[in-house]
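Novice: Contents of structure.cif (mmCIF, C-alpha atoms):
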data_target
#
loop_
_atom_site.label_atom_id
_atom_site.label_comp_id
_atom_site.auth_asym_id
_atom_site.auth_seq_id
_atom_site.Cartn_x
_atom_site.Cartn_y
_atom_site.Cartn_z
CA MET Z 680 -13.86 36.41 -7.99
CA PRO Z 681 -14.48 37.44 -11.59
CA LEU Z 682 -18.02 38.24 -12.64
CA GLU Z 683 -19.91 35.70 -14.64
CA SER Z 684 -20.23 36.26 -18.37
CA ARG Z 685 -22.92 38.58 -19.65
CA SER Z 686 -24.95 35.71 -21.08
CA THR Z 687 -24.87 33.82 -17.77
CA ILE Z 688 -26.02 36.89 -15.87
CA GLU Z 689 -28.83 37.39 -18.40
CA GLU Z 690 -29.94 33.78 -18.02
CA ARG Z 691 -30.02 34.07 -14.25
CA ALA Z 692 -31.94 37.36 -14.40
CA LYS Z 693 -34.53 36.00 -16.83
CA ALA Z 694 -35.06 32.90 -14.70
CA ALA Z 695 -35.56 35.10 -11.63
CA ILE Z 696 -38.07 37.31 -13.49
CA ASP Z 697 -40.00 34.28 -14.74
CA PHE Z 698 -40.44 32.90 -11.24
CA PRO Z 699 -40.08 35.95 -9.05
CA ALA Z 700 -39.12 35.24 -5.50
CA GLU Z 701 -36.45 36.92 -3.46
CA PHE Z 702 -33.46 35.03 -2.15
CA PRO Z 703 -30.33 36.29 -0.47
CA GLY Z 704 -28.76 36.41 -3.94
CA ILE Z 705 -31.78 38.00 -5.70
CA GLU Z 706 -33.28 41.37 -4.87
CA PHE Z 707 -36.09 43.01 -6.86
CA LYS Z 708 -36.64 46.74 -7.06
CA ALA Z 709 -39.63 48.57 -8.51
CA ASN Z 710 -39.44 50.79 -11.57
CA LEU Z 711 -37.55 53.64 -9.95
CA GLY Z 712 -34.67 55.85 -11.01
CA PHE Z 713 -31.25 55.29 -9.50
CA GLU Z 714 -31.22 58.51 -7.47
CA THR Z 715 -34.38 57.35 -5.68
CA ILE Z 716 -32.96 54.06 -4.46
CA ASN Z 717 -29.20 54.66 -4.64
CA TYR Z 718 -28.58 54.10 -0.91
CA ARG Z 719 -30.59 50.90 -0.90
CA ILE Z 720 -28.67 49.68 -3.91
CA ALA Z 721 -25.38 50.54 -2.22
CA LYS Z 722 -26.38 48.71 0.93
CA THR Z 723 -27.68 45.67 -0.95
CA SER Z 724 -24.57 45.58 -3.15
CA MET Z 725 -22.31 45.47 -0.11
CA ALA Z 726 -24.44 42.76 1.47
CA MET Z 727 -24.54 40.66 -1.69
CA SER Z 728 -20.80 41.00 -2.11
CA ASN Z 729 -20.53 39.32 1.29
CA LEU Z 730 -22.41 36.28 -0.02
CA ARG Z 731 -20.45 33.26 -1.19
CA ASP Z 732 -21.74 33.67 -4.78
CA GLY Z 733 -22.68 37.34 -4.95
CA GLY Z 734 -26.08 38.24 -6.33
CA LEU Z 735 -28.30 40.20 -8.71
CA ILE Z 736 -30.34 43.33 -8.10
CA ILE Z 737 -33.12 43.45 -10.68
CA VAL Z 738 -34.92 46.75 -11.22
CA GLY Z 739 -38.39 46.52 -12.81
CA VAL Z 740 -40.17 44.04 -10.56
CA ALA Z 741 -42.43 45.60 -7.94
CA GLN Z 742 -44.46 44.19 -5.06
CA ASP Z 743 -48.12 45.06 -4.63
CA ALA Z 744 -49.98 45.56 -1.39
CA MET Z 745 -50.37 41.79 -1.01
CA ARG Z 746 -46.59 41.42 -1.51
CA ASN Z 747 -47.14 39.70 -4.84
CA PHE Z 748 -44.50 40.44 -7.44
CA VAL Z 749 -45.52 42.56 -10.39
CA VAL Z 750 -43.27 42.30 -13.43
CA GLU Z 751 -43.48 45.79 -14.84
CA GLY Z 752 -40.09 46.43 -16.43
CA VAL Z 753 -38.17 49.69 -16.28
CA SER Z 754 -39.22 52.79 -18.14
CA ASN Z 755 -36.82 54.35 -20.62
CA ASP Z 756 -36.34 57.40 -18.41
CA ASN Z 757 -35.40 55.32 -15.42
CA THR Z 758 -33.19 53.00 -17.47
CA LEU Z 759 -31.12 56.00 -18.48
CA THR Z 760 -30.32 56.76 -14.81
CA TYR Z 761 -28.50 53.45 -14.32
CA ILE Z 762 -25.18 54.37 -15.87
CA GLN Z 763 -22.35 51.95 -15.07
CA GLU Z 764 -19.96 54.67 -13.86
CA THR Z 765 -22.60 56.42 -11.80
CA VAL Z 766 -23.74 53.30 -9.99
CA TYR Z 767 -20.18 52.04 -9.53
CA GLU Z 768 -18.95 55.33 -8.12
CA PHE Z 769 -21.89 55.78 -5.77
CA VAL Z 770 -21.75 52.27 -4.36
CA ASN Z 771 -17.99 52.39 -3.93
CA LYS Z 772 -18.14 55.73 -2.21
CA TYR Z 773 -19.40 53.57 0.65
CA ALA Z 774 -17.94 50.12 -0.02
CA SER Z 775 -14.49 49.05 1.09
CA PRO Z 776 -12.97 47.20 -0.65
CA PRO Z 777 -14.75 48.24 -3.84
CA VAL Z 778 -17.55 46.10 -5.22
CA GLU Z 779 -16.76 45.33 -8.85
CA LEU Z 780 -20.39 45.43 -9.90
CA ARG Z 781 -21.68 45.55 -13.44
CA VAL Z 782 -24.81 47.26 -14.71
CA MET Z 783 -26.64 45.95 -17.74
CA THR Z 784 -30.05 46.08 -19.41
CA VAL Z 785 -31.82 42.79 -19.96
CA HIS Z 786 -34.70 42.58 -22.43
CA HIS Z 787 -37.25 39.92 -21.49
CA ARG Z 788 -40.97 39.41 -22.09
CA SER Z 789 -41.00 42.56 -24.23
CA LYS Z 790 -39.80 44.61 -21.29
CA ASP Z 791 -36.49 46.07 -20.21
CA PHE Z 792 -35.00 45.38 -16.81
CA THR Z 793 -31.92 46.91 -15.25
CA VAL Z 794 -29.72 44.27 -13.69
CA ILE Z 795 -26.87 45.04 -11.31
CA ALA Z 796 -24.62 42.01 -11.03
CA VAL Z 797 -22.69 41.91 -7.76
CA PRO Z 798 -19.68 39.57 -7.52
CA PRO Z 799 -18.59 38.10 -4.17
CA PHE Z 800 -15.65 39.76 -2.44
CA GLU Z 801 -12.23 38.50 -3.42
CA ARG Z 802 -10.21 38.46 -0.18
CA THR Z 803 -11.75 40.71 2.43
CA PRO Z 804 -15.42 41.09 3.33
CA VAL Z 805 -16.91 44.40 2.28
CA VAL Z 806 -17.62 47.03 4.95
CA CYS Z 807 -19.09 50.51 4.78
CA ARG Z 808 -16.38 53.15 4.91
CA ARG Z 809 -18.34 56.33 5.55
CA ASN Z 810 -21.55 57.62 7.09
CA THR Z 811 -24.47 58.60 4.91
CA PRO Z 812 -25.17 62.37 5.03
CA ASP Z 813 -27.26 63.87 7.78
CA GLY Z 814 -30.90 63.87 6.86
CA THR Z 815 -30.76 60.56 5.04
CA SER Z 816 -33.92 58.58 5.71
CA ARG Z 817 -33.64 56.00 8.45
CA ALA Z 818 -34.06 53.08 6.04
CA ASP Z 819 -31.17 54.34 3.91
CA GLN Z 820 -28.76 55.22 6.70
CA MET Z 821 -25.34 53.60 6.79
CA ARG Z 822 -22.49 54.16 9.19
CA GLU Z 823 -18.76 53.82 8.85
CA GLY Z 824 -17.83 50.26 9.89
CA ASP Z 825 -21.20 48.75 9.08
CA CYS Z 826 -20.92 45.27 7.65
CA PHE Z 827 -24.01 44.20 5.76
CA VAL Z 828 -25.09 40.67 4.97
CA ARG Z 829 -28.09 39.10 3.27
CA THR Z 830 -30.24 36.89 5.42
CA GLY Z 831 -32.51 34.17 4.15
CA SER Z 832 -35.42 34.16 6.53
CA PRO Z 833 -36.77 36.72 6.06
CA VAL Z 834 -34.88 37.75 2.95
CA ALA Z 835 -33.35 41.05 3.94
CA THR Z 836 -30.22 43.17 4.07
CA GLN Z 837 -29.00 43.50 7.64
CA ARG Z 838 -26.02 44.66 9.60
CA VAL Z 839 -23.92 41.89 11.12
CA LYS Z 840 -25.25 41.73 14.65
CA SER Z 841 -24.56 38.24 15.94
CA ALA Z 842 -21.65 35.86 16.31
CA GLU Z 843 -23.36 33.43 13.94
CA MET Z 844 -23.61 36.03 11.19
CA MET Z 845 -19.96 36.98 11.63
CA ALA Z 846 -18.94 33.31 11.66
CA ASP Z 847 -20.67 32.75 8.32
CA LEU Z 848 -18.88 35.71 6.83
CA LEU Z 849 -15.48 34.67 8.18
CA GLU Z 850 -15.95 31.17 6.84
CA ILE Z 851 -16.47 32.56 3.34
CA ALA Z 852 -13.32 34.66 3.73
CA VAL Z 853 -11.28 31.65 4.86
CA VAL Z 854 -12.52 29.48 1.99
CA ARG Z 855 -11.74 32.30 -0.41
CA ARG Z 856 -8.22 32.69 1.00
CA ILE Z 857 -7.52 28.97 0.75
CA ALA Z 858 -8.70 29.00 -2.86
CA GLU Z 859 -6.42 31.94 -3.56
CA GLN Z 860 -3.45 30.14 -2.03
CA ASP Z 861 -4.23 27.04 -4.09
CA ARG Z 862 -4.27 29.19 -7.20
CA ILE Z 863 -0.91 30.70 -6.33
CA ARG Z 864 0.51 27.25 -5.68
CA ARG Z 865 -0.84 25.93 -8.98
CA GLU Z 866 0.72 28.84 -10.83
CA ALA Z 867 4.01 28.04 -9.10
CA GLY Z 868 3.75 24.43 -10.20
CA VAL Z 869 2.47 23.17 -6.86
CA SER Z 870 -0.92 21.60 -6.30
CA SER Z 871 -2.26 20.14 -3.08
CA PHE Z 872 -4.76 17.54 -1.92
CA PRO Z 873 -5.27 15.37 1.19
CA VAL Z 874 -2.03 13.65 2.13
CA GLN Z 875 -1.60 9.93 1.51
CA GLU Z 876 1.12 8.82 3.91
CA SER Z 877 1.47 5.39 2.28
CA ARG Z 878 2.58 7.15 -0.88
CA PHE Z 879 5.69 8.45 0.86
CA ASP Z 880 6.76 4.94 1.88
CA ASN Z 881 6.10 3.53 -1.58
CA GLU Z 882 8.22 6.25 -3.13
CA VAL Z 883 11.31 5.38 -1.13
CA SER Z 884 10.86 1.60 -1.12
CA ASP Z 885 13.99 1.16 -3.25
CA VAL Z 886 16.17 2.96 -0.71
CA ALA Z 887 14.17 2.20 2.44
CA ASP Z 888 16.89 -0.01 3.93
CA ALA Z 889 19.31 2.93 3.77
CA LEU Z 890 17.03 5.31 5.62
CA MET V 813 14.95 1.33 -8.58
CA PRO V 814 17.81 3.74 -7.96
CA THR V 815 19.38 4.91 -11.19
CA PRO V 816 22.96 3.60 -11.75
CA SER V 817 24.60 6.82 -10.63
CA GLU V 818 22.49 6.83 -7.49
CA THR V 819 23.30 3.18 -6.74
CA GLU V 820 27.02 3.73 -6.99
CA ILE V 821 27.03 6.72 -4.65
CA LEU V 822 24.62 5.16 -2.17
CA GLU V 823 26.73 2.02 -1.92
CA LYS V 824 29.81 4.09 -1.20
CA ILE V 825 27.99 6.17 1.43
CA ARG V 826 26.66 3.11 3.23
CA LYS V 827 30.06 1.57 3.82
CA GLU V 828 30.85 3.95 6.67
CA PRO V 829 28.97 6.25 9.05
CA TYR V 830 26.42 8.37 7.23
CA TYR V 831 23.40 10.54 7.73
CA SER V 832 20.02 9.80 6.26
CA LEU V 833 17.43 12.53 6.33
CA ARG V 834 13.80 12.30 5.40
CA ILE V 835 11.47 15.30 5.37
CA LEU V 836 7.75 14.67 4.93
CA PRO V 837 5.19 17.42 4.35
CA MET V 838 1.91 16.37 5.90
CA THR V 839 -0.04 18.17 3.20
CA GLY V 840 -0.81 16.40 -0.05
CA ILE V 841 1.34 18.07 -2.68
CA GLU V 842 1.99 17.49 -6.34
CA LEU V 843 4.99 19.39 -7.61
CA THR V 844 6.12 19.68 -11.16
CA LEU V 845 9.73 18.53 -11.55
CA LYS V 846 10.65 22.08 -12.45
CA ALA V 847 9.03 23.38 -9.26
CA ALA V 848 10.85 20.71 -7.22
CA SER V 849 14.17 21.83 -8.68
CA GLU V 850 13.39 25.45 -7.99
CA LEU V 851 12.53 24.65 -4.37
CA ILE V 852 15.90 23.01 -3.80
CA ARG V 853 17.75 25.86 -5.44
CA LYS V 854 15.89 28.41 -3.38
CA ASP V 855 15.88 26.64 -0.02
CA ALA V 856 19.37 25.10 0.03
CA VAL V 857 21.35 26.22 3.09
CA ARG V 858 24.61 27.91 2.18
CA LEU V 859 26.55 28.67 5.33
CA ARG V 860 29.94 27.07 4.85
CA GLY V 861 30.99 27.03 1.23
CA TRP V 862 29.00 23.95 0.35
CA ASP V 863 25.25 23.95 0.09
CA MET V 864 22.91 21.57 1.87
CA PRO V 865 21.58 19.96 -0.24
CA HIS V 866 24.11 20.55 -2.98
CA TYR V 867 22.38 22.10 -5.98
CA ASP V 868 23.99 22.10 -9.39
CA SER V 869 21.47 22.66 -12.15
CA ASN V 870 23.74 20.90 -14.64
CA GLU V 871 23.97 17.75 -12.55
CA ILE V 872 20.37 17.24 -11.49
CA GLY V 873 18.85 14.00 -12.75
CA ARG V 874 15.17 13.43 -13.33
CA THR V 875 12.85 10.47 -13.11
CA GLN V 876 9.11 10.71 -13.50
CA ALA V 877 8.61 10.79 -9.73
CA TYR V 878 11.58 12.80 -8.46
CA ILE V 879 14.67 14.84 -9.21
CA PHE V 880 17.99 13.82 -7.69
CA ASN V 881 21.60 14.80 -7.40
CA GLY V 882 24.52 12.57 -6.49
CA THR V 883 27.92 14.01 -5.62
CA ASP V 884 31.25 12.32 -5.03
CA TRP V 885 33.77 15.11 -5.00
CA ALA V 886 36.42 16.18 -2.51
CA SER V 887 34.89 16.04 0.98
CA HIS V 888 31.41 15.54 -0.34
CA VAL V 889 29.73 12.20 -0.91
CA GLU V 890 25.99 12.60 -0.91
CA LEU V 891 22.77 11.81 -2.68
CA TRP V 892 19.41 13.52 -2.43
CA ARG V 893 16.00 13.17 -3.98
CA MET V 894 13.14 15.61 -4.10
CA TYR V 895 9.88 13.88 -4.94
CA ARG V 896 6.90 15.44 -6.64
CA SER V 897 4.98 14.59 -3.46
CA GLY V 898 7.15 17.04 -1.52
CA GLN V 899 9.06 14.24 0.20
CA PHE V 900 12.79 14.91 0.47
CA VAL V 901 15.42 12.26 1.24
CA TYR V 902 19.14 12.73 1.70
CA PHE V 903 22.06 10.39 2.28
CA GLY V 904 25.41 11.90 3.09
CA ALA V 905 28.76 10.92 4.55
CA PRO V 906 30.17 13.21 7.22
CA TRP V 907 32.89 15.39 5.77
CA ASP V 908 35.21 13.76 8.32
CA LEU V 909 35.54 10.61 6.25
CA ALA V 910 36.79 12.01 2.96
CA MET V 911 40.29 12.68 1.74
CA ASP V 912 42.75 12.91 4.67
CA HIS V 913 40.24 14.31 7.16
CA GLN V 914 39.87 11.03 9.03
CA ASP V 915 43.65 10.69 9.39
CA LYS V 916 43.86 14.17 10.91
CA LEU V 917 40.93 13.58 13.24
CA ARG V 918 42.38 10.25 14.29
CA ALA V 919 45.69 11.92 15.04
CA GLU V 920 43.85 14.46 17.20
CA PHE V 921 42.07 11.64 18.98
CA ASP V 922 45.23 9.64 19.60
CA LYS V 923 47.16 12.66 20.82
CA PHE V 924 44.68 14.60 22.93
CA VAL V 925 41.92 12.28 24.15
CA PHE V 926 43.49 10.97 27.33
CA MET V 927 40.26 9.99 29.12
CA ALA V 928 40.58 6.52 27.60
CA ASP V 929 43.43 4.06 27.83
CA GLU V 930 45.36 2.93 24.79
CA PRO V 931 43.67 -0.48 24.35
CA THR V 932 40.27 1.20 24.47
CA LYS V 933 41.33 3.80 21.94
CA ALA V 934 42.79 1.13 19.68
CA ASP V 935 39.36 -0.51 19.57
CA VAL V 936 37.76 2.66 18.18
CA PRO V 937 37.19 2.17 14.42
CA GLY V 938 36.96 5.87 13.63
CA VAL V 939 36.18 9.31 14.98
CA LEU V 940 33.71 12.03 14.12
CA SER V 941 33.95 15.75 14.71
CA PHE V 942 31.17 16.82 17.02
CA VAL V 943 31.56 20.36 15.65
CA GLY V 944 30.94 19.01 12.16
CA MET V 945 27.90 17.16 13.49
CA ILE V 946 26.55 20.37 15.03
CA TYR V 947 26.96 22.13 11.69
CA SER V 948 25.36 19.34 9.65
CA VAL V 949 22.37 18.75 11.90
CA THR V 950 21.75 22.48 12.16
CA GLU V 951 21.77 22.71 8.38
CA PHE V 952 19.33 19.79 8.12
CA PHE V 953 16.79 21.48 10.36
CA ILE V 954 17.16 24.88 8.73
CA PHE V 955 16.61 23.31 5.34
CA ALA V 956 13.59 21.35 6.58
CA ALA V 957 12.02 24.48 8.04
CA ARG V 958 12.61 26.39 4.82
CA LEU V 959 11.18 23.60 2.73
CA ALA V 960 8.06 23.34 4.90
CA LYS V 961 7.60 27.07 4.56
CA SER V 962 7.97 26.95 0.78
CA LEU V 963 5.56 24.05 0.51
CA GLU V 964 3.12 25.94 2.74
CA THR V 965 2.61 22.84 4.82
CA THR V 966 1.53 23.43 8.37
CA ARG V 967 2.58 20.00 9.57
CA PHE V 968 5.78 18.23 8.61
CA SER V 969 8.10 15.63 10.02
CA ILE V 970 11.84 15.03 10.06
CA ASP V 971 13.50 11.63 10.39
CA LEU V 972 17.24 11.90 10.84
CA THR V 973 19.44 8.85 11.34
CA LEU V 974 23.14 8.56 11.96
CA HIS V 975 24.12 5.09 10.73
CA ASN V 976 27.07 2.75 11.29
CA ILE V 977 28.46 4.58 14.28
CA GLU V 978 28.90 1.75 16.80
CA LYS V 979 32.16 2.25 18.72
CA TRP V 980 32.93 5.47 16.88
CA ALA V 981 34.10 8.29 19.14
CA LEU V 982 33.90 12.07 19.17
CA VAL V 983 36.65 14.63 18.70
CA SER V 984 36.34 18.36 18.24
CA GLY V 985 37.94 18.58 14.81
CA GLU V 986 39.01 22.08 15.81
CA VAL V 987 42.48 21.50 17.21
CA GLY V 988 43.46 25.14 16.84
CA THR V 989 40.44 26.27 18.85
CA LEU V 990 39.49 23.46 21.18
CA LEU V 991 41.67 20.70 22.59
CA TRP V 992 39.30 17.86 23.41
CA HIS V 993 40.32 15.36 26.04
CA TYR V 994 37.07 13.55 26.71
CA PHE V 995 36.21 10.08 25.53
CA TYR V 996 32.65 9.78 24.29
CA GLN V 997 31.85 6.69 22.30
CA ALA V 998 28.68 5.41 20.62
CA ARG V 999 27.51 2.00 21.80
CA THR V 1000 24.74 1.68 19.33
CA PRO V 1001 24.89 1.05 15.56
CA GLU V 1002 22.57 3.93 14.75
CA ILE V 1003 20.81 6.90 16.28
CA ARG V 1004 17.35 7.80 15.04
CA ILE V 1005 15.81 11.21 15.61
CA SER V 1006 12.16 11.78 14.70
CA ARG V 1007 10.35 15.05 15.05
CA ASP V 1008 6.78 15.87 14.07
CA PHE V 1009 5.96 19.57 13.77
CA ARG V 1010 2.33 20.61 13.78
CA GLU V 1011 2.80 24.32 13.21
CA SER V 1012 5.62 24.94 10.76
CA SER V 1013 5.49 28.71 11.12
CA GLN V 1014 6.47 28.39 14.78
CA VAL V 1015 9.37 25.99 14.33
CA ASP V 1016 12.71 27.35 15.50
CA PRO V 1017 15.22 25.29 13.51
CA LEU V 1018 18.13 26.26 15.75
CA ALA V 1019 16.36 25.19 18.92
CA GLU V 1020 15.05 22.02 17.31
CA SER V 1021 18.42 21.05 15.91
CA ALA V 1022 20.04 21.76 19.29
CA ASP V 1023 17.56 19.39 20.90
CA ALA V 1024 18.25 16.73 18.27
CA LEU V 1025 21.98 17.14 18.77
CA ARG V 1026 21.60 16.80 22.53
CA GLU V 1027 19.81 13.51 21.94
CA ILE V 1028 22.51 12.34 19.53
CA PHE V 1029 25.33 13.22 21.90
CA GLU V 1030 23.61 11.47 24.78
CA CYS V 1031 23.95 8.29 22.75
CA PHE V 1032 27.70 8.92 22.81
CA SER V 1033 27.37 9.23 26.62
CA TRP V 1034 27.93 12.98 26.48
CA ASP V 1035 25.30 14.26 28.89
CA ASN V 1036 26.10 17.93 29.21
CA SER V 1037 26.49 18.99 25.61
CA GLU V 1038 23.99 21.86 25.62
CA GLY V 1039 26.56 24.60 26.18
CA SER V 1040 28.87 23.33 23.45
CA ILE V 1041 25.98 22.96 20.99
CA LYS V 1042 24.84 26.50 21.62
CA ASN V 1043 28.37 27.88 21.41
CA TRP V 1044 29.17 26.21 18.09
CA GLN V 1045 25.78 27.01 16.61
CA GLN V 1046 26.35 30.66 17.41
CA LYS V 1047 29.72 30.57 15.69
CA PHE V 1048 28.16 28.83 12.73
CA MET V 1049 25.41 31.32 12.37
CA ALA V 1050 27.12 34.52 13.53
CA GLY V 1051 26.58 37.37 11.16
CA ARG V 1052 25.90 35.18 8.23
CA PHE V 1053 22.36 34.04 8.36
CA THR V 1054 18.99 35.08 9.66
CA PHE V 1055 16.23 32.57 9.45
#
Mind turning this structure into structure tokens?
Specialist:
Amino acid sequence: MPLESRSTIEERAKAAIDFPAEFPGIEFKANLGFETINYRIAKTSMAMSNLRDGGLIIVGVAQDAMRNFVVEGVSNDNTLTYIQETVYEFVNKYASPPVELRVMTVHHRSKDFTVIAVPPFERTPVVCRRNTPDGTSRADQMREGDCFVRTGSPVATQRVKSAEMMADLLEIAVVRRIAEQDRIRREAGVSSFPVQESRFDNEVSDVADAL
Amino acid sequence: MPTPSETEILEKIRKEPYYSLRILPMTGIELTLKAASELIRKDAVRLRGWDMPHYDSNEIGRTQAYIFNGTDWASHVELWRMYRSGQFVYFGAPWDLAMDHQDKLRAEFDKFVFMADEPTKADVPGVLSFVGMIYSVTEFFIFAARLAKSLETTRFSIDLTLHNIEKWALVSGEVGTLLWHYFYQARTPEIRISRDFRESSQVDPLAESADALREIFECFSWDNSEGSIKNWQQKFMAGRFTF
């Protein structure tokens, strides 16, 4: 699935900042440099890629002790740590197949925000392909073979750990594969839709008595 | 309405025994005419010097709803249509009827089939080569399976009818290989075979055509045809084709 246009991503990010609430497809991070939260961004990117529509990670919105969102923006120093190549390479050191994410800066309410746009997977759900190094904090740990998804209640990034979670993921993959086949068929001059059996009889009505 | 060239060929075909074949993909499909033509070119079965269905890019006609090709040449009198819906229909005379083939088959029948008396044989309007039938029906099912695969339809159906065959009898048509003495005669004007396949990827066209042929030959009162069908299918396919 191609990423949305830059303007569409900006619109979505601004709307999320205006009415901050986390959803499976929206994750807020406080004003922190990439190296501080790189594992969490990798994990969330993989999980969002396993959503039907992908998602946005927005850096510059914190939560206070009462879990209220605080729109603080990202400092210049931290903004400079979110380099497209750096984020892409780090996330895809763990993601298989690669997540074709895009990093951009969005200016809103006189503040800058770093937005990581995560597209949904194209054919195959994304899994983790290597372990995090020894000594990685428990919250950041990932293991080879982990498959992360975003849950809605509570909003969180979790490993697939139930048949229902796997079924949801497989359904997305099947829908995606059918759409891909339809695209191939359209490009080959073939399009499909529910069959109308009466159409077949109408077509051959002029030669029906010879059949 | 059939176009004039179609009408002429279809009228000729319908005067004697003929096959009609209808293949229906049970997936809604909308082909471009170009794509329909390409499917026929790609999926035509070419095992014996004449393709089924016969594809000649210079001769293919077009209407808004289908492409078609009518042939009346040498041993081949046939008409097919490929609709944008994916439906395929075919009308074809057995090769046995064209040129001097029927005279030769009739001579074989008169000379070698001694399981019927002369008055009975005299009442037989014509004869058909069961070997030719094995080849044709096998080709029909191979083509149908290929077409279903190309159309990516899981479910498809085949309706095959052998028309105008009442009182017609079977011969081998292979005098140099097989002297056929048995008298098997159709007592019905037509034989209809319908098959509905729900998983196209698992269809074995050889096995399915063998089963259809067994059913056809039973209508000629030939009850133990399985061995002959298998034998002639193997000769047909040997070394030349892998589905």
Novice: Once the PyMOL selection byres ((chain Z) within 12 of (chain V)) has been evaluated on this model, what residues remain selected, and can you format them as a short mmCIF file (atom, residue, chain, number, x, y, z; two decimals) with C-alpha atoms, in the frame of the given file?
Specialist:
data_model
loop_
_atom_site.label_atom_id
_atom_site.label_comp_id
_atom_site.auth_asym_id
_atom_site.auth_seq_id
_atom_site.Cartn_x
_atom_site.Cartn_y
_atom_site.Cartn_z
CA ILE Z 857 -7.52 28.97 0.75
CA GLN Z 860 -3.45 30.14 -2.03
CA ASP Z 861 -4.23 27.04 -4.09
CA ILE Z 863 -0.91 30.70 -6.33
CA ARG Z 864 0.51 27.25 -5.68
CA ARG Z 865 -0.84 25.93 -8.98
CA GLU Z 866 0.72 28.84 -10.83
CA ALA Z 867 4.01 28.04 -9.10
CA GLY Z 868 3.75 24.43 -10.20
CA VAL Z 869 2.47 23.17 -6.86
CA SER Z 870 -0.92 21.60 -6.30
CA SER Z 871 -2.26 20.14 -3.08
CA PHE Z 872 -4.76 17.54 -1.92
CA PRO Z 873 -5.27 15.37 1.19
CA VAL Z 874 -2.03 13.65 2.13
CA GLN Z 875 -1.60 9.93 1.51
CA GLU Z 876 1.12 8.82 3.91
CA SER Z 877 1.47 5.39 2.28
CA ARG Z 878 2.58 7.15 -0.88
CA PHE Z 879 5.69 8.45 0.86
CA ASP Z 880 6.76 4.94 1.88
CA ASN Z 881 6.10 3.53 -1.58
CA GLU Z 882 8.22 6.25 -3.13
CA VAL Z 883 11.31 5.38 -1.13
CA SER Z 884 10.86 1.60 -1.12
CA ASP Z 885 13.99 1.16 -3.25
CA VAL Z 886 16.17 2.96 -0.71
CA ALA Z 887 14.17 2.20 2.44
CA ASP Z 888 16.89 -0.01 3.93
CA ALA Z 889 19.31 2.93 3.77
CA LEU Z 890 17.03 5.31 5.62
#
Novice: Report, in Å with one decimal, the straight-line distance from atom CA of Gly739 of chain Z to atom CA of Arg809 of chain Z.
Specialist: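 We find that atom CA of Gly739 of chain Z and atom CA of Arg809 of chain Z lie 28.9 Å from each other.
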Novice: Give me the box for segment 920-934 of chain V as lines of an AutoDock Vina configuration file, namely the centre and edge lengths in Å to one decimal of a box along x, y and z that holds every listed atom plus 8 Å on each side.
Specialist:
center_x = 43.7
center_y = 7.1
center_z = 23.2
size_x = 22.9
size_y = 31.1
size_z = 27.9
Novice: Show which residues sit within 8 Å of Gln914 of chain V, as a ChimeraX atom specification. Count all atoms listed in the file, and ignore same-chain residues fewer than 6 positions away.
Specialist: /V:908,938-939
Novice: Residues within 12 Å of Arg817 of chain Z, please, as a list in words. Count only C-alpha atoms; anything in the same chain fewer than 5 positions from it doesn't count.
Specialist: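 Final neighbour list, sorted by chain and number: Tyr718, Arg719, Thr811, Pro812 and Arg822 of chain Z.
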Novice: List as an NGL selection string the protein and nucleic acid residues near segment 796-808 of chain Z, meaning an atom at most 8 Å away when only C-alpha atoms are counted, but skip any in the same chain fewer than 5 places from it.
Specialist: :Z and (680-682 or 688 or 724-736 or 772-782 or 821-827 or 848 or 852 or 855-856)
Novice: Atom CA of Lys923 of chain V and atom CA of Phe942 of chain V are how many Å apart?
Specialist: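 Those two atoms sit 17.0 Å apart.
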Novice: I'd like to see the residues matched by the PyMOL selection byres ((chain Z and resi 844) around 12) on this file, and ideally I'd get them as number ranges by chain.
Specialist: Z: 726, 729-730, 826-831, 837-843, 845-851
Novice: Residues picked by the PyMOL selection byres ((chain V and resi 1027) around 12) here, as a ChimeraX atom specification?
Specialist: /V:946,949,972-974,1003-1007,1020-1026,1028-1038,1041
Novice: One decimal, Å: what's the distance from atom CA of Gly1039 of chain V over to atom CA of Leu1018 of chain V, could you say?
Specialist: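 Computing the Euclidean distance for atom CA of Gly1039 of chain V and atom CA of Leu1018 of chain V yields 13.5 Å.
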Novice: Write out as number ranges by chain which residues come within 7 Å of Thr793 of chain Z when counting all atoms listed in the file, dropping same-chain ones fewer than 6 positions away.
Specialist: Z: 737-739, 753, 758, 783-785
Novice: Excluding Arg967 of chain V and residues on its chain fewer than 5 positions from it, collect all residues at most 6 Å away from it, counting all atoms listed in the file, and give them as a CSV table (one decimal) with C-alpha atoms, in the coordinates of the input.
Specialist:
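Saved the output as out.csv:
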chain,number,residue,atom,x,y,z
V,838,MET,CA,1.9,16.4,5.9
V,1009,PHE,CA,6.0,19.6,13.8
V,1010,ARG,CA,2.3,20.6,13.8
V,1011,GLU,CA,2.8,24.3,13.2
V,1012,SER,CA,5.6,24.9,10.8
Novice: I'd like to know which of V:Lys979, V:Lys961, V:Lys824, V:Arg858 is closest to Glu1002 of chain V, using all atoms listed in the file.
Specialist: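 Checking each of V:Lys979, V:Lys961, V:Lys824, V:Arg858 against Glu1002 of chain V, counting all atoms listed in the file, the winner is V:Lys979.
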